[in-house]
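The block underneath contains the structure these notes are about, expressed in structure tokens.
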Amino acid sequence: MHDRTPTADELRGLLTAVLEALAIPHPATIGDGEAHDRVLGNRVMHARIALEYVLHRADDPGWAADYLQARLAEHPPTGYRAAGTSRTEADR
């Protein structure tokens with residue numbers, strides 16, 4: 001670890017990215033649950049990597065937030081119908 005203390009803005013950015021990773025729409029039906037769980041599992045894994053990086057390997061939450069945002073872009077919450085959407089909206 002370095003001797004630098006992370007700023008509040010860096011920590012807020014990381015926490016915002018973690019919340020984005022976890023707060024995806026619930027599946028509309030049981031049938032949509034498998035795809036939802038797969039997407040959420042990928043996002044949780046990357047959130048964990050980002051948090052472990054900050055806590056155990058370095059003290060740069062800005063880098064971890066950027067890493068997580070990039071991984072979230074690779075795993076958008078798509079491929080299932082979310083609660084509150086119609087079939088037409090889910091196909092977009």
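By convention here, the chains of the structure tokens are called A, B, ... in the order presented, each chain's residues are numbered starting at 1, and ligands are numbered starting at 1 in the order presented.
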
Can you pull out the residues contacting Ile30 of chain A? Cut-off 12 Å, using only C-alpha atoms, and skip same-chain residues under 3 positions away; I want them as a PDB file with C-alpha atoms, in the first residue's frame.
```pdb
ATOM      1  CA  HIS A  26     -35.007  -7.642 -11.406  1.00  0.00           C
ATOM      2  CA  PRO A  27     -36.092 -10.276 -13.930  1.00  0.00           C
ATOM      3  CA  GLY A  33     -33.922 -15.335 -13.900  1.00  0.00           C
ATOM      4  CA  GLU A  34     -31.106 -17.429 -15.367  1.00  0.00           C
ATOM      5  CA  ALA A  35     -29.910 -14.672 -17.708  1.00  0.00           C
ATOM      6  CA  HIS A  36     -30.312 -12.071 -14.927  1.00  0.00           C
ATOM      7  CA  ASP A  37     -28.245 -14.186 -12.541  1.00  0.00           C
ATOM      8  CA  TYR A  80     -33.450 -10.812 -20.172  1.00  0.00           C
ATOM      9  CA  ARG A  81     -36.775  -9.093 -19.709  1.00  0.00           C
ATOM     10  CA  ALA A  82     -36.663  -6.822 -16.692  1.00  0.00           C
ATOM     11  CA  ALA A  83     -39.602  -6.351 -14.345  1.00  0.00           C
TER      12      ALA A  83
END
```

Next on the checklist: Residues within 10 Å of Leu51 of chain A, please, as a VMD selection string. Count only C-alpha atoms; anything in the same chain fewer than 5 positions from it doesn't count.
Outcome noted: chain A and resid 14 to 15 18 46 56 to 57 61 64 to 65 68

Keeping only all heavy atoms, write those residues as a compact mmCIF listing (two decimals), in the first residue's frame.
```
# COMPACT_ATOMS: atom_id res chain seq x y z
N LEU A 14 -15.89 5.10 -6.57
CA LEU A 14 -15.84 3.64 -6.46
C LEU A 14 -17.17 3.10 -5.93
O LEU A 14 -17.71 2.13 -6.46
CB LEU A 14 -14.68 3.20 -5.58
CG LEU A 14 -14.57 1.70 -5.33
CD1 LEU A 14 -14.44 0.93 -6.65
CD2 LEU A 14 -13.41 1.40 -4.41
N LEU A 15 -17.69 3.72 -4.90
CA LEU A 15 -18.97 3.25 -4.34
C LEU A 15 -20.10 3.39 -5.35
O LEU A 15 -20.97 2.52 -5.43
CB LEU A 15 -19.29 4.01 -3.06
CG LEU A 15 -18.37 3.70 -1.88
CD1 LEU A 15 -18.70 4.62 -0.71
CD2 LEU A 15 -18.48 2.25 -1.47
N VAL A 18 -19.75 0.48 -7.72
CA VAL A 18 -20.19 -0.77 -7.09
C VAL A 18 -21.71 -0.83 -7.04
O VAL A 18 -22.31 -1.87 -7.36
CB VAL A 18 -19.57 -0.93 -5.68
CG1 VAL A 18 -20.21 -2.08 -4.93
CG2 VAL A 18 -18.06 -1.14 -5.78
N HIS A 46 -16.63 -8.60 -10.86
CA HIS A 46 -15.77 -7.45 -11.16
C HIS A 46 -15.80 -6.41 -10.04
O HIS A 46 -14.78 -5.78 -9.75
CB HIS A 46 -16.13 -6.85 -12.51
CG HIS A 46 -15.76 -7.74 -13.65
ND1 HIS A 46 -14.44 -8.07 -13.94
CD2 HIS A 46 -16.51 -8.39 -14.56
CE1 HIS A 46 -14.41 -8.88 -14.98
NE2 HIS A 46 -15.65 -9.09 -15.37
N HIS A 56 -6.53 -4.47 -0.60
CA HIS A 56 -5.40 -5.36 -0.34
C HIS A 56 -4.16 -5.13 -1.18
O HIS A 56 -3.09 -5.60 -0.82
CB HIS A 56 -5.84 -6.82 -0.53
CG HIS A 56 -6.97 -7.20 0.37
ND1 HIS A 56 -6.86 -7.25 1.73
CD2 HIS A 56 -8.25 -7.52 0.08
CE1 HIS A 56 -8.03 -7.60 2.25
NE2 HIS A 56 -8.88 -7.77 1.27
N ARG A 57 -4.30 -4.44 -2.29
CA ARG A 57 -3.14 -4.35 -3.19
C ARG A 57 -2.65 -2.94 -3.43
O ARG A 57 -1.51 -2.73 -3.78
CB ARG A 57 -3.48 -5.00 -4.53
CG ARG A 57 -3.72 -6.49 -4.39
CD ARG A 57 -4.00 -7.13 -5.74
NE ARG A 57 -4.36 -8.52 -5.56
CZ ARG A 57 -5.60 -8.96 -5.41
NH1 ARG A 57 -6.61 -8.14 -5.43
NH2 ARG A 57 -5.83 -10.24 -5.25
N PRO A 61 -8.60 4.12 -5.45
CA PRO A 61 -9.99 3.83 -5.80
C PRO A 61 -10.40 4.44 -7.13
O PRO A 61 -11.33 3.95 -7.76
CB PRO A 61 -10.79 4.43 -4.64
CG PRO A 61 -9.87 5.36 -3.95
CD PRO A 61 -8.48 4.91 -4.24
N ALA A 64 -9.65 1.74 -9.58
CA ALA A 64 -10.61 0.65 -9.38
C ALA A 64 -11.98 1.02 -9.95
O ALA A 64 -12.64 0.18 -10.56
CB ALA A 64 -10.71 0.30 -7.90
N ALA A 65 -12.41 2.26 -9.76
CA ALA A 65 -13.69 2.71 -10.30
C ALA A 65 -13.66 2.68 -11.82
O ALA A 65 -14.62 2.23 -12.46
CB ALA A 65 -14.03 4.11 -9.79
N LEU A 68 -13.84 -0.92 -12.95
CA LEU A 68 -15.18 -1.48 -12.79
C LEU A 68 -16.13 -0.91 -13.83
O LEU A 68 -16.92 -1.66 -14.43
CB LEU A 68 -15.70 -1.22 -11.37
CG LEU A 68 -17.05 -1.81 -11.04
CD1 LEU A 68 -17.14 -3.30 -11.35
CD2 LEU A 68 -17.38 -1.54 -9.57
```

According to DSSP computed on the backbone, where in chain A is there helix (DSSP H, G or I)? Give the residues as a ChimeraX atom specification. /A:8-22,30-57,61-74,87-90

Could you turn the residues from that selection into a file that holds C-alpha atoms, as a tab-separated table (two decimals), in the first residue's frame?
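The result, written out as out_0.tsv:
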```
chain	number	residue	atom	x	y	z
A	8	ALA	CA	-13.67	11.45	-0.77
A	9	ASP	CA	-14.41	11.93	-4.48
A	10	GLU	CA	-12.36	8.83	-5.38
A	11	LEU	CA	-14.15	6.75	-2.78
A	12	ARG	CA	-17.53	8.11	-3.86
A	13	GLY	CA	-16.70	7.19	-7.47
A	14	LEU	CA	-15.84	3.64	-6.46
A	15	LEU	CA	-18.97	3.25	-4.34
A	16	THR	CA	-21.09	4.63	-7.19
A	17	ALA	CA	-19.58	2.06	-9.57
A	18	VAL	CA	-20.19	-0.77	-7.09
A	19	LEU	CA	-23.81	0.29	-6.65
A	20	GLU	CA	-24.20	0.42	-10.44
A	21	ALA	CA	-22.80	-3.10	-10.65
A	22	LEU	CA	-25.28	-4.47	-8.13
A	30	ILE	CA	-38.73	-16.95	-13.50
A	31	GLY	CA	-37.63	-17.75	-17.06
A	32	ASP	CA	-35.65	-14.50	-17.17
A	33	GLY	CA	-33.92	-15.34	-13.90
A	34	GLU	CA	-31.11	-17.43	-15.37
A	35	ALA	CA	-29.91	-14.67	-17.71
A	36	HIS	CA	-30.31	-12.07	-14.93
A	37	ASP	CA	-28.24	-14.19	-12.54
A	38	ARG	CA	-25.50	-14.67	-15.13
A	39	VAL	CA	-25.27	-10.92	-15.79
A	40	LEU	CA	-25.36	-10.08	-12.09
A	41	GLY	CA	-22.75	-12.74	-11.31
A	42	ASN	CA	-20.31	-11.23	-13.80
A	43	ARG	CA	-20.89	-7.74	-12.43
A	44	VAL	CA	-20.48	-8.90	-8.81
A	45	MET	CA	-17.21	-10.64	-9.68
A	46	HIS	CA	-15.77	-7.45	-11.16
A	47	ALA	CA	-17.02	-5.35	-8.23
A	48	ARG	CA	-15.26	-7.75	-5.88
A	49	ILE	CA	-12.02	-7.50	-7.88
A	50	ALA	CA	-12.18	-3.70	-7.70
A	51	LEU	CA	-12.81	-3.70	-3.95
A	52	GLU	CA	-10.07	-6.25	-3.27
A	53	TYR	CA	-7.64	-4.17	-5.33
A	54	VAL	CA	-8.29	-1.11	-3.19
A	55	LEU	CA	-8.29	-2.94	0.13
A	56	HIS	CA	-5.40	-5.36	-0.34
A	57	ARG	CA	-3.14	-4.35	-3.19
A	61	PRO	CA	-9.99	3.83	-5.80
A	62	GLY	CA	-10.00	6.02	-8.92
A	63	TRP	CA	-8.29	3.26	-10.90
A	64	ALA	CA	-10.61	0.65	-9.38
A	65	ALA	CA	-13.69	2.71	-10.30
A	66	ASP	CA	-12.44	3.11	-13.88
A	67	TYR	CA	-11.72	-0.64	-14.08
A	68	LEU	CA	-15.18	-1.48	-12.79
A	69	GLN	CA	-16.94	0.97	-15.11
A	70	ALA	CA	-15.13	-0.58	-18.09
A	71	ARG	CA	-16.14	-4.10	-17.03
A	72	LEU	CA	-19.76	-3.02	-16.47
A	73	ALA	CA	-19.87	-1.69	-20.02
A	74	GLU	CA	-18.87	-5.21	-21.13
A	87	ARG	CA	-41.74	-7.86	-24.47
A	88	THR	CA	-41.27	-5.15	-27.11
A	89	GLU	CA	-39.01	-3.09	-24.82
A	90	ALA	CA	-36.96	-6.17	-23.89
```
